[in-house]
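Encoded as structure tokens, the structure appears first; notes follow it.
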There are 2 protein chains.
Amino acid sequence: MARFFVSSRELEAEQIFLTGENAQHMKVLRLKPGEEVLLCDGAGREARCVLEGEGLRVLERRASAAEAAVAVSVYLAFPKADKLEHVIQKATELGAVEIVAFPTSRCVSRPDEKSLQKKLDRWQKIALSAAGQSGRGVIPKVLVLGSYAEALRRAAQADLGLLFYENEHAVTLKMALSEKPYRSVALLTGPEGGLSEEEVAQAREAGLTVCTLGRRILRCETAPLCALSAVMYDAGEF
Amino acid sequence: MARFFVSSRELEAEQIFLTGENAQHMKVLRLKPGEEVLLCDGAGREARCVLEGEGLRVLERRASAAEAAVAVSVYLAFPKADKLEHVIQKATELGAVEIVAFPTSRCVSRPDEKSLQKKLDRWQKIALSAAGQSGRGVIPKVLVLGSYAEALRRAAQADLGLLFYENEHAVTLKMALSEKPYRSVALLTGPEGGLSEEEVAQAREAGLTVCTLGRRILRCETAPLCALSAVMYDAGEF
């Protein structure tokens, strides 16, 4: 079934007329009256519709069937641009609800203020495109924070806030996830050069649990996707 | 500690002299007598050594500390070249012992016989480099099989042979892994265009368990890494 992302307001209308890129896309697909399409508001609601004349009549509105019960936010220290784009695409496929980039002391790369809005637009488009291809009902939000302290404060608000550190050997992700039931998880990972000991101590003070992703050193773009895959598995997604 | 891959024969010598690229690398590092280095044979054995004059004296030989207790083989249908290289690099970081590529009916890309050996050399080098960077004690083998049937026969020899299919919704990876204790797992995933129903049926006949990776459609280069991460997590690696 063809899928289109529309606004939440459009989704609630009685009769829906696709506009802009969606209208063009529908033309390309040469859909015929009577055919069904799926509209998603990118925030977890969707509507099964049937094509009638120029418009779409809603058959059923429902919560998106493709979204995980657990809300996972991926927090990563700014890596080089191509790696950030890679993580945005893959974390979207894997079901994250947010991808949050933040600076740390050893980040070699950080976008300047001037180009930031343009880059955010580009990153949000990557998330939109990956959400469409993977059949997501939610388009993950891509956020940029101004400081590491802000990232810690924000991540600590999740049911479980976890920071992965290559020099932590005792506490595994499995131990951290079995601490308590969780509906939201924040996963923090460092940049190419790693986190400093001081930054790890700050994370503990902020209430995050510091844990290991195993005995192999993962690249900064691999670690968040490995952790996200494991959390989704632990949460019973597959 | 600096790490070097050497042959198994070199590793067993009483006094070890690094040669070729290793000798050059040691020069670049300006190691001084008395400093320790770690030699790995890339097959799971390693030796802690101390630099004495031009050679290395072995202090301790041991099984590599960075290898998982479970042997995971990643089988993937030939994707486009850049995706295969991506999977080789990431699966090596994540701890796979083998990366095995095979053809299927819907593969859009398959190397021709003539260029295959050159490509295999290149792929094996990617695994070697990723093994070094991630601190692996084993360099995963990159293999190319001639047919899908051969991939099924080979994968079925693992304790658990699993095939991931987007139209399977009932059997999860968690169910498949809890069937029985396992020391070796083969994870099979399809190409960009997916596996055909016939190919999925063939896999069942060969004794593989068909299971889901969740409700989101993963790209062909994302699925094997997601599954590998989850298996390592399930096996207690992190």
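Residue numbering restarts at 1 for every chain of the structure tokens, chains are lettered A, B, ... in their displayed order, and ligands are numbered from 1 as they appear.
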
(message) When you look at segment 187-197 of chain B with a cut-off of 10 Å (counting only C-alpha atoms), what residues show up, excluding the ones that are within fewer than 2 positions of it in the same chain? I need them as number ranges by chain.
(response) B: 72-80, 99-109, 151-152, 155, 158, 160-167, 185, 199-203, 208-210, 218-225, 227-228, 231

Deliver the residues from the most recent selection as a file, using C-alpha atoms, as a short mmCIF file (atom, residue, chain, number, x, y, z; two decimals), in the first residue's frame.
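Result file follows (selection.cif):
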```cif
data_model
loop_
_atom_site.label_atom_id
_atom_site.label_comp_id
_atom_site.auth_asym_id
_atom_site.auth_seq_id
_atom_site.Cartn_x
_atom_site.Cartn_y
_atom_site.Cartn_z
CA VAL B 72 28.52 -15.65 14.65
CA SER B 73 28.67 -15.94 10.87
CA VAL B 74 27.04 -13.19 8.82
CA TYR B 75 25.63 -14.46 5.52
CA LEU B 76 24.35 -11.79 3.17
CA ALA B 77 23.06 -11.82 -0.37
CA PHE B 78 25.36 -9.79 -2.63
CA PRO B 79 24.42 -6.13 -2.21
CA LYS B 80 26.00 -3.27 -4.15
CA ILE B 99 31.23 -12.68 6.48
CA VAL B 100 29.83 -14.82 3.68
CA ALA B 101 28.35 -13.36 0.48
CA PHE B 102 26.15 -15.41 -1.84
CA PRO B 103 23.92 -14.87 -4.90
CA THR B 104 20.11 -14.94 -4.91
CA SER B 105 17.56 -14.54 -7.70
CA ARG B 106 16.98 -10.85 -7.01
CA CYS B 107 20.60 -9.75 -6.48
CA VAL B 108 21.22 -6.73 -8.69
CA SER B 109 24.94 -6.95 -8.17
CA ALA B 151 24.86 -20.86 1.51
CA LEU B 152 21.89 -22.73 3.01
CA ALA B 155 24.59 -22.06 7.33
CA ALA B 158 25.71 -23.86 12.77
CA LEU B 160 21.36 -22.06 15.00
CA GLY B 161 20.80 -21.10 11.36
CA LEU B 162 18.47 -18.11 11.08
CA LEU B 163 17.04 -16.36 8.05
CA PHE B 164 15.42 -12.93 8.39
CA TYR B 165 12.39 -12.21 6.25
CA GLU B 166 10.20 -9.13 6.26
CA ASN B 167 7.01 -11.15 5.71
CA VAL B 185 24.97 -18.93 14.86
CA GLU B 199 13.95 -18.93 -1.50
CA VAL B 200 12.42 -18.61 1.96
CA ALA B 201 10.79 -22.03 1.55
CA GLN B 202 14.14 -23.49 0.48
CA ALA B 203 15.70 -22.10 3.66
CA LEU B 208 16.92 -22.79 8.96
CA THR B 209 14.53 -20.89 11.21
CA VAL B 210 12.80 -17.98 9.50
CA LEU B 218 15.53 -2.55 7.28
CA ARG B 219 17.87 -1.89 4.39
CA CYS B 220 19.92 -4.86 3.25
CA GLU B 221 23.08 -3.43 4.88
CA THR B 222 21.30 -2.60 8.17
CA ALA B 223 19.59 -5.94 8.81
CA PRO B 224 22.72 -8.11 9.29
CA LEU B 225 24.29 -5.59 11.69
CA ALA B 227 20.79 -9.01 14.00
CA LEU B 228 24.47 -9.40 14.89
CA VAL B 231 22.76 -11.90 19.08
#
```

(request) Would you give me, as an MDAnalysis selection string, the residues of chain B that come within 7 Å of chain A, using only C-alpha atoms? (result) chainID B and resid 66 93 134:136 172:174 212:218 226 229:230 233 237:238

Generate the output file for the selected residues, C-alpha atoms, as a compact mmCIF listing (two decimals), in the first residue's frame.
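Listed below is the output, result.txt:
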```
# COMPACT_ATOMS: atom_id res chain seq x y z
CA ALA B 66 38.44 -9.64 23.00
CA GLU B 93 33.81 -4.44 14.76
CA SER B 134 38.49 -2.66 17.14
CA GLY B 135 41.01 -4.81 19.02
CA ARG B 136 39.81 -8.14 17.65
CA THR B 172 10.97 -13.37 16.63
CA LEU B 173 14.74 -13.56 16.89
CA LYS B 174 14.27 -13.90 20.65
CA THR B 212 11.54 -11.28 11.94
CA LEU B 213 13.71 -8.30 12.86
CA GLY B 214 10.69 -6.21 13.82
CA ARG B 215 7.98 -4.20 12.13
CA ARG B 216 10.24 -1.75 10.34
CA ILE B 217 11.74 -2.55 6.94
CA LEU B 218 15.53 -2.55 7.28
CA CYS B 226 21.08 -5.22 13.70
CA SER B 229 24.21 -6.73 17.62
CA ALA B 230 21.15 -8.44 19.10
CA TYR B 233 23.63 -8.90 23.40
CA GLU B 237 28.58 -9.94 25.46
CA PHE B 238 27.40 -6.55 26.77
```

(request) Show which residues sit within 7 Å of Gly34 of chain B, as a PyMOL selection string. Count only C-alpha atoms, and ignore same-chain residues fewer than 5 positions away. (result) chain B and resi 50-52

Next, the residues of the selection above should be written as a PDB file, in the first residue's frame with C-alpha atoms.
```pdb
ATOM      1  CA  VAL B  50      58.491  -6.995  25.743  1.00  0.00           C
ATOM      2  CA  LEU B  51      60.878  -5.273  23.341  1.00  0.00           C
ATOM      3  CA  GLU B  52      64.493  -6.473  23.838  1.00  0.00           C
TER       4      GLU B  52
END
```

(request) Can you list, as a ChimeraX atom specification, all residues belonging to segment 78-226 of chain B that DSSP tags as helix (DSSP H, G or I)? (result) /B:81-93,113-134,148-155,173-177,197-205,223-226

(message) Measuring between only C-alpha atoms, which one of A:Arg183, A:His25, A:Arg61, A:Lys141 shows the shortest distance to Gln157 of chain A?
(response)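 Using only C-alpha atoms, the shortest distance to Gln157 of chain A belongs to A:Arg183.
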